[in-house]
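What's in input.cif: mmCIF, N, CA, C and O atoms
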data_data
loop_
_atom_site.label_atom_id
_atom_site.label_comp_id
_atom_site.auth_asym_id
_atom_site.auth_seq_id
_atom_site.Cartn_x
_atom_site.Cartn_y
_atom_site.Cartn_z
N MET A 24 16.40 10.39 -2.71
CA MET A 24 16.52 9.26 -1.79
C MET A 24 15.92 9.63 -0.45
O MET A 24 15.97 10.77 -0.04
N ILE A 25 15.41 8.63 0.21
CA ILE A 25 14.84 8.79 1.55
C ILE A 25 15.75 8.05 2.51
O ILE A 25 16.07 6.89 2.30
N GLN A 26 16.15 8.72 3.58
CA GLN A 26 16.99 8.07 4.57
C GLN A 26 16.11 7.57 5.70
O GLN A 26 15.27 8.28 6.22
N LYS A 27 16.31 6.33 6.08
CA LYS A 27 15.49 5.70 7.11
C LYS A 27 16.42 5.02 8.10
O LYS A 27 17.30 4.26 7.71
N GLU A 28 16.21 5.28 9.39
CA GLU A 28 17.06 4.64 10.40
C GLU A 28 16.39 3.37 10.88
O GLU A 28 15.21 3.35 11.18
N ASN A 29 17.17 2.32 10.95
CA ASN A 29 16.66 1.01 11.32
C ASN A 29 17.61 0.39 12.35
O ASN A 29 18.63 -0.16 12.00
N ASN A 30 17.27 0.50 13.64
CA ASN A 30 18.09 -0.10 14.69
C ASN A 30 19.56 0.25 14.54
O ASN A 30 20.42 -0.61 14.40
N GLN A 31 19.87 1.53 14.56
CA GLN A 31 21.21 2.08 14.49
C GLN A 31 21.89 1.89 13.14
O GLN A 31 23.02 2.31 12.96
N ALA A 32 21.25 1.26 12.20
CA ALA A 32 21.80 1.11 10.85
C ALA A 32 21.00 2.03 9.94
O ALA A 32 19.80 2.14 10.06
N GLN A 33 21.70 2.67 9.03
CA GLN A 33 21.02 3.55 8.11
C GLN A 33 20.76 2.81 6.81
O GLN A 33 21.61 2.13 6.29
N GLU A 34 19.55 2.98 6.32
CA GLU A 34 19.14 2.32 5.09
C GLU A 34 18.63 3.39 4.14
O GLU A 34 17.81 4.22 4.51
N PHE A 35 19.15 3.40 2.94
CA PHE A 35 18.70 4.36 1.94
C PHE A 35 17.74 3.67 0.99
O PHE A 35 18.02 2.59 0.48
N VAL A 36 16.60 4.29 0.77
CA VAL A 36 15.58 3.74 -0.09
C VAL A 36 15.39 4.70 -1.26
O VAL A 36 15.12 5.88 -1.05
N ARG A 37 15.53 4.20 -2.46
CA ARG A 37 15.27 5.03 -3.63
C ARG A 37 13.77 5.08 -3.87
O ARG A 37 13.08 4.08 -3.71
N ILE A 38 13.30 6.24 -4.25
CA ILE A 38 11.87 6.38 -4.52
C ILE A 38 11.44 5.44 -5.63
O ILE A 38 10.33 4.93 -5.62
N SER A 39 12.34 5.14 -6.55
CA SER A 39 11.99 4.23 -7.64
C SER A 39 11.76 2.80 -7.15
O SER A 39 11.19 1.99 -7.88
N GLU A 40 12.18 2.48 -5.93
CA GLU A 40 11.98 1.14 -5.36
C GLU A 40 10.63 1.02 -4.66
O GLU A 40 10.25 -0.07 -4.25
N LEU A 41 9.92 2.13 -4.50
CA LEU A 41 8.68 2.13 -3.75
C LEU A 41 7.48 1.96 -4.66
O LEU A 41 7.51 2.29 -5.84
N CYS A 42 6.39 1.44 -4.07
CA CYS A 42 5.15 1.22 -4.80
C CYS A 42 4.04 2.06 -4.15
O CYS A 42 4.03 2.24 -2.94
N PHE A 43 3.12 2.53 -4.96
CA PHE A 43 1.96 3.24 -4.44
C PHE A 43 0.94 2.23 -3.94
O PHE A 43 0.81 1.14 -4.48
N VAL A 44 0.20 2.62 -2.90
CA VAL A 44 -0.85 1.79 -2.35
C VAL A 44 -2.19 2.27 -2.91
O VAL A 44 -2.48 3.47 -2.90
N TYR A 45 -2.96 1.33 -3.42
CA TYR A 45 -4.31 1.60 -3.92
C TYR A 45 -5.27 0.71 -3.14
O TYR A 45 -4.88 -0.35 -2.65
N ALA A 46 -6.53 1.14 -3.04
CA ALA A 46 -7.52 0.34 -2.32
C ALA A 46 -8.88 0.48 -2.97
O ALA A 46 -9.15 1.43 -3.71
N LYS A 47 -9.74 -0.50 -2.68
CA LYS A 47 -11.11 -0.51 -3.19
C LYS A 47 -11.98 -1.20 -2.15
O LYS A 47 -11.63 -2.25 -1.63
N ALA A 48 -13.11 -0.59 -1.85
CA ALA A 48 -14.09 -1.20 -0.96
C ALA A 48 -15.22 -1.76 -1.83
O ALA A 48 -15.31 -1.45 -3.01
N LYS A 49 -16.12 -2.53 -1.23
CA LYS A 49 -17.15 -3.23 -2.01
C LYS A 49 -18.07 -2.28 -2.76
O LYS A 49 -18.60 -2.64 -3.79
N TRP A 50 -18.26 -1.08 -2.29
CA TRP A 50 -19.17 -0.15 -2.96
C TRP A 50 -18.48 0.69 -4.04
O TRP A 50 -19.11 1.48 -4.71
N MET A 51 -17.18 0.48 -4.23
CA MET A 51 -16.43 1.25 -5.22
C MET A 51 -16.25 0.44 -6.50
O MET A 51 -16.08 -0.77 -6.45
N ARG A 52 -16.25 1.11 -7.63
CA ARG A 52 -16.06 0.42 -8.91
C ARG A 52 -14.59 0.20 -9.24
O ARG A 52 -14.25 -0.80 -9.86
N THR A 53 -13.75 1.15 -8.88
CA THR A 53 -12.33 1.06 -9.25
C THR A 53 -11.45 1.28 -8.04
O THR A 53 -11.89 1.81 -7.02
N PHE A 54 -10.20 0.87 -8.17
CA PHE A 54 -9.20 1.12 -7.13
C PHE A 54 -8.82 2.59 -7.18
O PHE A 54 -8.71 3.19 -8.25
N LYS A 55 -8.60 3.17 -6.00
CA LYS A 55 -8.18 4.56 -5.89
C LYS A 55 -6.94 4.64 -5.01
O LYS A 55 -6.71 3.75 -4.19
N ALA A 56 -6.19 5.70 -5.18
CA ALA A 56 -5.01 5.92 -4.35
C ALA A 56 -5.44 5.90 -2.88
O ALA A 56 -6.52 6.38 -2.53
N PHE A 57 -4.59 5.32 -2.02
CA PHE A 57 -4.95 5.11 -0.62
C PHE A 57 -3.81 5.53 0.29
O PHE A 57 -2.64 5.27 0.02
N ASP A 58 -4.18 6.20 1.37
CA ASP A 58 -3.23 6.55 2.42
C ASP A 58 -3.43 5.55 3.56
O ASP A 58 -4.56 5.32 3.98
N LEU A 59 -2.37 4.96 4.05
CA LEU A 59 -2.49 3.92 5.07
C LEU A 59 -3.03 4.43 6.40
O LEU A 59 -3.24 3.65 7.32
N ASP A 60 -3.26 5.74 6.51
CA ASP A 60 -3.94 6.28 7.68
C ASP A 60 -5.45 6.08 7.57
O ASP A 60 -6.20 6.45 8.47
N GLY A 61 -5.91 5.53 6.44
CA GLY A 61 -7.32 5.20 6.26
C GLY A 61 -8.09 6.17 5.38
O GLY A 61 -9.31 6.22 5.47
N PHE A 62 -7.39 6.90 4.54
CA PHE A 62 -8.05 7.90 3.69
C PHE A 62 -7.84 7.60 2.22
O PHE A 62 -6.84 7.01 1.83
N PHE A 63 -8.78 8.04 1.41
CA PHE A 63 -8.64 8.02 -0.03
C PHE A 63 -8.32 9.46 -0.45
O PHE A 63 -9.25 10.26 -0.63
N PRO A 64 -7.06 9.82 -0.57
CA PRO A 64 -6.73 11.19 -0.94
C PRO A 64 -7.16 11.46 -2.38
O PRO A 64 -7.26 10.56 -3.19
N GLY A 65 -7.39 12.69 -2.68
CA GLY A 65 -7.85 13.04 -4.02
C GLY A 65 -6.77 12.90 -5.08
O GLY A 65 -7.08 12.74 -6.25
N ARG A 66 -5.52 12.94 -4.69
CA ARG A 66 -4.42 12.91 -5.66
C ARG A 66 -3.39 11.84 -5.27
O ARG A 66 -3.15 11.58 -4.11
N LEU A 67 -2.79 11.29 -6.29
CA LEU A 67 -1.81 10.22 -6.09
C LEU A 67 -0.63 10.66 -5.24
O LEU A 67 -0.08 9.88 -4.48
N ILE A 68 -0.27 11.91 -5.31
CA ILE A 68 0.88 12.40 -4.56
C ILE A 68 0.70 12.23 -3.05
O ILE A 68 1.67 12.13 -2.31
N TYR A 69 -0.54 12.15 -2.58
CA TYR A 69 -0.80 11.99 -1.16
C TYR A 69 -0.99 10.54 -0.73
O TYR A 69 -1.23 10.26 0.44
N ALA A 70 -0.89 9.61 -1.66
CA ALA A 70 -1.04 8.19 -1.33
C ALA A 70 0.22 7.68 -0.64
O ALA A 70 1.31 8.23 -0.80
N SER A 71 0.07 6.61 0.12
CA SER A 71 1.22 5.99 0.78
C SER A 71 2.09 5.28 -0.25
O SER A 71 1.60 4.73 -1.23
N MET A 72 3.39 5.29 0.01
CA MET A 72 4.35 4.57 -0.81
C MET A 72 5.15 3.66 0.11
O MET A 72 5.66 4.11 1.13
N ILE A 73 5.19 2.37 -0.24
CA ILE A 73 5.94 1.41 0.57
C ILE A 73 6.74 0.50 -0.35
O ILE A 73 6.48 0.41 -1.54
N ARG A 74 7.69 -0.18 0.24
CA ARG A 74 8.52 -1.12 -0.51
C ARG A 74 7.75 -2.42 -0.72
O ARG A 74 6.99 -2.86 0.13
N ASP A 75 7.94 -3.03 -1.87
CA ASP A 75 7.31 -4.31 -2.19
C ASP A 75 8.18 -5.43 -1.64
O ASP A 75 9.18 -5.80 -2.23
N ASN A 76 7.82 -5.93 -0.45
CA ASN A 76 8.51 -7.08 0.13
C ASN A 76 7.51 -7.94 0.88
O ASN A 76 6.34 -7.56 1.05
N ASP A 77 7.93 -9.10 1.30
CA ASP A 77 7.01 -10.05 1.95
C ASP A 77 6.40 -9.49 3.23
O ASP A 77 5.22 -9.72 3.51
N GLU A 78 7.18 -8.76 4.01
CA GLU A 78 6.69 -8.20 5.27
C GLU A 78 5.55 -7.21 5.01
O GLU A 78 4.51 -7.27 5.66
N ASN A 79 5.73 -6.32 4.04
CA ASN A 79 4.68 -5.34 3.74
C ASN A 79 3.46 -6.00 3.11
O ASN A 79 2.33 -5.59 3.36
N ARG A 80 3.68 -7.02 2.30
CA ARG A 80 2.55 -7.75 1.71
C ARG A 80 1.71 -8.40 2.80
O ARG A 80 0.49 -8.39 2.77
N GLU A 81 2.37 -8.98 3.78
CA GLU A 81 1.66 -9.62 4.89
C GLU A 81 0.88 -8.60 5.70
O GLU A 81 -0.27 -8.83 6.08
N LYS A 82 1.47 -7.43 5.94
CA LYS A 82 0.78 -6.38 6.69
C LYS A 82 -0.44 -5.86 5.94
O LYS A 82 -1.48 -5.60 6.53
N LEU A 83 -0.31 -5.72 4.62
CA LEU A 83 -1.46 -5.28 3.82
C LEU A 83 -2.57 -6.31 3.85
O LEU A 83 -3.75 -5.97 3.93
N GLN A 84 -2.21 -7.60 3.80
CA GLN A 84 -3.23 -8.65 3.87
C GLN A 84 -3.92 -8.64 5.23
O GLN A 84 -5.13 -8.82 5.33
N GLN A 85 -3.17 -8.41 6.30
CA GLN A 85 -3.76 -8.32 7.64
C GLN A 85 -4.73 -7.14 7.73
O GLN A 85 -5.80 -7.25 8.32
N LEU A 86 -4.35 -6.02 7.12
CA LEU A 86 -5.23 -4.85 7.10
C LEU A 86 -6.52 -5.16 6.35
O LEU A 86 -7.61 -4.81 6.79
N ALA A 87 -6.39 -5.84 5.22
CA ALA A 87 -7.58 -6.23 4.45
C ALA A 87 -8.44 -7.20 5.25
O ALA A 87 -9.67 -7.10 5.23
N ASP A 88 -7.83 -8.14 5.96
CA ASP A 88 -8.58 -9.10 6.77
C ASP A 88 -9.33 -8.41 7.92
O ASP A 88 -10.46 -8.77 8.23
N ARG A 89 -8.69 -7.41 8.54
CA ARG A 89 -9.35 -6.68 9.63
C ARG A 89 -10.53 -5.84 9.13
O ARG A 89 -11.41 -5.51 9.90
N ASN A 90 -10.51 -5.50 7.85
CA ASN A 90 -11.58 -4.69 7.26
C ASN A 90 -12.40 -5.51 6.27
O ASN A 90 -12.90 -4.99 5.28
N ALA A 91 -12.57 -6.78 6.57
CA ALA A 91 -13.30 -7.68 5.68
C ALA A 91 -14.78 -7.30 5.57
O ALA A 91 -15.41 -7.57 4.55
N TYR A 92 -15.34 -6.67 6.59
CA TYR A 92 -16.74 -6.25 6.55
C TYR A 92 -17.00 -5.29 5.39
O TYR A 92 -18.10 -5.22 4.86
N ALA A 93 -15.98 -4.54 4.97
CA ALA A 93 -16.12 -3.60 3.86
C ALA A 93 -15.58 -4.20 2.55
O ALA A 93 -15.56 -3.52 1.55
N CYS A 94 -15.18 -5.46 2.60
CA CYS A 94 -14.56 -6.13 1.44
C CYS A 94 -13.41 -5.29 0.90
O CYS A 94 -13.31 -5.05 -0.31
N LEU A 95 -12.56 -4.84 1.79
CA LEU A 95 -11.43 -4.00 1.41
C LEU A 95 -10.37 -4.82 0.68
O LEU A 95 -9.96 -5.87 1.17
N GLN A 96 -9.97 -4.35 -0.47
CA GLN A 96 -8.88 -4.95 -1.22
C GLN A 96 -7.80 -3.89 -1.39
O GLN A 96 -8.11 -2.72 -1.63
N LEU A 97 -6.57 -4.29 -1.27
CA LEU A 97 -5.44 -3.37 -1.41
C LEU A 97 -4.53 -3.85 -2.52
O LEU A 97 -4.40 -5.06 -2.76
N GLN A 98 -3.90 -2.90 -3.18
CA GLN A 98 -2.95 -3.21 -4.24
C GLN A 98 -1.68 -2.41 -4.04
O GLN A 98 -1.70 -1.31 -3.49
N LEU A 99 -0.58 -2.99 -4.50
CA LEU A 99 0.68 -2.26 -4.65
C LEU A 99 0.91 -2.11 -6.13
O LEU A 99 0.83 -3.08 -6.88
N ARG A 100 1.16 -0.88 -6.55
CA ARG A 100 1.38 -0.61 -7.97
C ARG A 100 2.70 0.11 -8.17
O ARG A 100 3.04 1.04 -7.44
N LYS A 101 3.40 -0.34 -9.18
CA LYS A 101 4.63 0.31 -9.60
C LYS A 101 4.40 0.75 -11.03
O LYS A 101 4.30 -0.09 -11.92
N GLY A 102 4.26 2.04 -11.22
CA GLY A 102 3.88 2.54 -12.53
C GLY A 102 2.45 2.12 -12.82
O GLY A 102 1.55 2.34 -12.02
N ASP A 103 2.24 1.50 -13.96
CA ASP A 103 0.90 1.01 -14.32
C ASP A 103 0.71 -0.47 -14.00
O ASP A 103 -0.33 -1.04 -14.30
N ASN A 104 1.71 -1.09 -13.41
CA ASN A 104 1.67 -2.53 -13.14
C ASN A 104 1.26 -2.82 -11.70
O ASN A 104 1.79 -2.23 -10.76
N VAL A 105 0.33 -3.76 -11.54
CA VAL A 105 -0.06 -4.23 -10.21
C VAL A 105 0.92 -5.32 -9.82
O VAL A 105 1.00 -6.36 -10.48
N VAL A 106 1.69 -5.09 -8.75
CA VAL A 106 2.68 -6.09 -8.34
C VAL A 106 2.17 -6.98 -7.21
O VAL A 106 2.71 -8.04 -6.95
N PHE A 107 1.09 -6.53 -6.53
CA PHE A 107 0.50 -7.33 -5.44
C PHE A 107 -0.93 -6.88 -5.22
O PHE A 107 -1.23 -5.70 -5.31
N GLU A 108 -1.81 -7.84 -4.94
CA GLU A 108 -3.20 -7.54 -4.59
C GLU A 108 -3.63 -8.48 -3.48
O GLU A 108 -3.37 -9.69 -3.55
N THR A 109 -4.27 -7.94 -2.45
CA THR A 109 -4.73 -8.77 -1.35
C THR A 109 -5.92 -9.61 -1.83
O THR A 109 -6.65 -9.23 -2.72
N ARG A 110 -6.09 -10.74 -1.19
CA ARG A 110 -7.21 -11.61 -1.53
C ARG A 110 -8.36 -11.31 -0.58
O ARG A 110 -8.15 -10.89 0.56
N LEU A 111 -9.56 -11.51 -1.06
CA LEU A 111 -10.75 -11.30 -0.23
C LEU A 111 -10.96 -12.49 0.69
O LEU A 111 -10.76 -13.63 0.29
N THR A 112 -11.33 -12.20 1.92
CA THR A 112 -11.64 -13.27 2.87
C THR A 112 -13.14 -13.44 2.94
O THR A 112 -13.90 -12.48 2.83
N ALA A 113 -13.57 -14.66 3.13
CA ALA A 113 -15.01 -14.95 3.16
C ALA A 113 -15.65 -14.55 4.45
O ALA A 113 -15.12 -14.31 5.43
#
Full structure transcribed into structure tokens:
Amino acid sequence: MIQKENNQAQEFVRISELCFVYAKAKWMRTFKAFDLDGFFPGRLIYASMIRDNDENREKLQQLADRNAYACLQLQLRKGDNVVFETRLTA
């Protein structure tokens, strides 16, 4: 479990509740593990893990919109299942 402090309240997050972040730019053929600091780490263990909720989905979409010049798409994956994918902006 990961302990996270949120405005004087403690919230426990189970690792099983988190999703890995994957990304793909226009010049890439497949999605790869992604670190939200802006890197494609070589191994999944170094990818960012976040909770699948509306707030995080909105933030990922905003990140994709800010990087529209690269046609950046982001995904949240839990196991082998894609639970969220950002849409491309024109």
Residue IDs satisfying the PyMOL selection byres ((chain A and resi 99) around 7), as a VMD selection string: chain A and resid 42 to 45 97 to 98 100 to 101 104 to 109
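The space separating CA of Leu95 (chain A) from atom C of Ala48 (chain A) comes to 5.5 Å.
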May I ask which of the residues A:Arg89, A:Arg80, A:Arg110, A:Arg74 is the closest one to Leu41 (chain A), counting only N, CA, C and O atoms? A:Arg74
For each of A:Glu40, A:Asp88, A:Gln96, A:Phe63, take the minimum atom-to-atom distance to Asp75 (chain A), counting only N, CA, C and O atoms, then give the residue where this is smallest.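 Counting only N, CA, C and O atoms, the residue closest to Asp75 (chain A) is A:Glu40.
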Shell of 8 Å around Tyr92 (chain A), all atoms listed in the file, local chain residues under 5 positions omitted, as a PyMOL selection string: chain A and resi 49+86-87+112-113
Using Å and a single decimal, report how far atom C of Ile73 (chain A) sits from atom O of Ala93 (chain A).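 Atom-to-atom, atom O of Ala93 (chain A) to atom C of Ile73 (chain A), that is 22.7 Å.
The two atoms in question, atom O of Ser39 (chain A) and CA of Asp60 (chain A), are spaced 22.1 Å apart.
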As a ChimeraX atom specification, please: all residues of chain A that backbone DSSP puts in alpha helix (DSSP H). /A:77-89
Once DSSP has gone over the backbone, tell me which residues of chain A are in strand (DSSP E or B), as an MDAnalysis selection string. chainID A and resid 25:29 32:36 41:47 55:56 58 62 72:74 96:101 104:108
Export, as a short mmCIF file (atom, residue, chain, number, x, y, z; two decimals), in the frame of the given file, the selected residues with N, CA, C and O atoms.
data_model
loop_
_atom_site.label_atom_id
_atom_site.label_comp_id
_atom_site.auth_asym_id
_atom_site.auth_seq_id
_atom_site.Cartn_x
_atom_site.Cartn_y
_atom_site.Cartn_z
N ILE A 25 15.41 8.63 0.21
CA ILE A 25 14.84 8.79 1.55
C ILE A 25 15.75 8.05 2.51
O ILE A 25 16.07 6.89 2.30
N GLN A 26 16.15 8.72 3.58
CA GLN A 26 16.99 8.07 4.57
C GLN A 26 16.11 7.57 5.70
O GLN A 26 15.27 8.28 6.22
N LYS A 27 16.31 6.33 6.08
CA LYS A 27 15.49 5.70 7.11
C LYS A 27 16.42 5.02 8.10
O LYS A 27 17.30 4.26 7.71
N GLU A 28 16.21 5.28 9.39
CA GLU A 28 17.06 4.64 10.40
C GLU A 28 16.39 3.37 10.88
O GLU A 28 15.21 3.35 11.18
N ASN A 29 17.17 2.32 10.95
CA ASN A 29 16.66 1.01 11.32
C ASN A 29 17.61 0.39 12.35
O ASN A 29 18.63 -0.16 12.00
N ALA A 32 21.25 1.26 12.20
CA ALA A 32 21.80 1.11 10.85
C ALA A 32 21.00 2.03 9.94
O ALA A 32 19.80 2.14 10.06
N GLN A 33 21.70 2.67 9.03
CA GLN A 33 21.02 3.55 8.11
C GLN A 33 20.76 2.81 6.81
O GLN A 33 21.61 2.13 6.29
N GLU A 34 19.55 2.98 6.32
CA GLU A 34 19.14 2.32 5.09
C GLU A 34 18.63 3.39 4.14
O GLU A 34 17.81 4.22 4.51
N PHE A 35 19.15 3.40 2.94
CA PHE A 35 18.70 4.36 1.94
C PHE A 35 17.74 3.67 0.99
O PHE A 35 18.02 2.59 0.48
N VAL A 36 16.60 4.29 0.77
CA VAL A 36 15.58 3.74 -0.09
C VAL A 36 15.39 4.70 -1.26
O VAL A 36 15.12 5.88 -1.05
N LEU A 41 9.92 2.13 -4.50
CA LEU A 41 8.68 2.13 -3.75
C LEU A 41 7.48 1.96 -4.66
O LEU A 41 7.51 2.29 -5.84
N CYS A 42 6.39 1.44 -4.07
CA CYS A 42 5.15 1.22 -4.80
C CYS A 42 4.04 2.06 -4.15
O CYS A 42 4.03 2.24 -2.94
N PHE A 43 3.12 2.53 -4.96
CA PHE A 43 1.96 3.24 -4.44
C PHE A 43 0.94 2.23 -3.94
O PHE A 43 0.81 1.14 -4.48
N VAL A 44 0.20 2.62 -2.90
CA VAL A 44 -0.85 1.79 -2.35
C VAL A 44 -2.19 2.27 -2.91
O VAL A 44 -2.48 3.47 -2.90
N TYR A 45 -2.96 1.33 -3.42
CA TYR A 45 -4.31 1.60 -3.92
C TYR A 45 -5.27 0.71 -3.14
O TYR A 45 -4.88 -0.35 -2.65
N ALA A 46 -6.53 1.14 -3.04
CA ALA A 46 -7.52 0.34 -2.32
C ALA A 46 -8.88 0.48 -2.97
O ALA A 46 -9.15 1.43 -3.71
N LYS A 47 -9.74 -0.50 -2.68
CA LYS A 47 -11.11 -0.51 -3.19
C LYS A 47 -11.98 -1.20 -2.15
O LYS A 47 -11.63 -2.25 -1.63
N LYS A 55 -8.60 3.17 -6.00
CA LYS A 55 -8.18 4.56 -5.89
C LYS A 55 -6.94 4.64 -5.01
O LYS A 55 -6.71 3.75 -4.19
N ALA A 56 -6.19 5.70 -5.18
CA ALA A 56 -5.01 5.92 -4.35
C ALA A 56 -5.44 5.90 -2.88
O ALA A 56 -6.52 6.38 -2.53
N ASP A 58 -4.18 6.20 1.37
CA ASP A 58 -3.23 6.55 2.42
C ASP A 58 -3.43 5.55 3.56
O ASP A 58 -4.56 5.32 3.98
N PHE A 62 -7.39 6.90 4.54
CA PHE A 62 -8.05 7.90 3.69
C PHE A 62 -7.84 7.60 2.22
O PHE A 62 -6.84 7.01 1.83
N MET A 72 3.39 5.29 0.01
CA MET A 72 4.35 4.57 -0.81
C MET A 72 5.15 3.66 0.11
O MET A 72 5.66 4.11 1.13
N ILE A 73 5.19 2.37 -0.24
CA ILE A 73 5.94 1.41 0.57
C ILE A 73 6.74 0.50 -0.35
O ILE A 73 6.48 0.41 -1.54
N ARG A 74 7.69 -0.18 0.24
CA ARG A 74 8.52 -1.12 -0.51
C ARG A 74 7.75 -2.42 -0.72
O ARG A 74 6.99 -2.86 0.13
N GLN A 96 -9.97 -4.35 -0.47
CA GLN A 96 -8.88 -4.95 -1.22
C GLN A 96 -7.80 -3.89 -1.39
O GLN A 96 -8.11 -2.72 -1.63
N LEU A 97 -6.57 -4.29 -1.27
CA LEU A 97 -5.44 -3.37 -1.41
C LEU A 97 -4.53 -3.85 -2.52
O LEU A 97 -4.40 -5.06 -2.76
N GLN A 98 -3.90 -2.90 -3.18
CA GLN A 98 -2.95 -3.21 -4.24
C GLN A 98 -1.68 -2.41 -4.04
O GLN A 98 -1.70 -1.31 -3.49
N LEU A 99 -0.58 -2.99 -4.50
CA LEU A 99 0.68 -2.26 -4.65
C LEU A 99 0.91 -2.11 -6.13
O LEU A 99 0.83 -3.08 -6.88
N ARG A 100 1.16 -0.88 -6.55
CA ARG A 100 1.38 -0.61 -7.97
C ARG A 100 2.70 0.11 -8.17
O ARG A 100 3.04 1.04 -7.44
N LYS A 101 3.40 -0.34 -9.18
CA LYS A 101 4.63 0.31 -9.60
C LYS A 101 4.40 0.75 -11.03
O LYS A 101 4.30 -0.09 -11.92
N ASN A 104 1.71 -1.09 -13.41
CA ASN A 104 1.67 -2.53 -13.14
C ASN A 104 1.26 -2.82 -11.70
O ASN A 104 1.79 -2.23 -10.76
N VAL A 105 0.33 -3.76 -11.54
CA VAL A 105 -0.06 -4.23 -10.21
C VAL A 105 0.92 -5.32 -9.82
O VAL A 105 1.00 -6.36 -10.48
N VAL A 106 1.69 -5.09 -8.75
CA VAL A 106 2.68 -6.09 -8.34
C VAL A 106 2.17 -6.98 -7.21
O VAL A 106 2.71 -8.04 -6.95
N PHE A 107 1.09 -6.53 -6.53
CA PHE A 107 0.50 -7.33 -5.44
C PHE A 107 -0.93 -6.88 -5.22
O PHE A 107 -1.23 -5.70 -5.31
N GLU A 108 -1.81 -7.84 -4.94
CA GLU A 108 -3.20 -7.54 -4.59
C GLU A 108 -3.63 -8.48 -3.48
O GLU A 108 -3.37 -9.69 -3.55
#
Could you check which of A:Asp77, A:Lys82, A:Ala46, A:Glu34 is closest to Phe62 (chain A), using all atoms listed in the file? A:Ala46
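Nearest to Val36 (chain A) of all the residues A:Leu111, A:Met51, A:Met72, A:Ala91 is A:Met72, counting only C-alpha atoms.
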With all atoms listed in the file as the counted atoms, please give the residues lying no more than 7 Å from Gly65 (chain A), apart from itself and same-chain residues fewer than 3 positions off, as a list in words.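 Counting all atoms listed in the file, the residues come to Ala56, Ile68 and Tyr69 of chain A.
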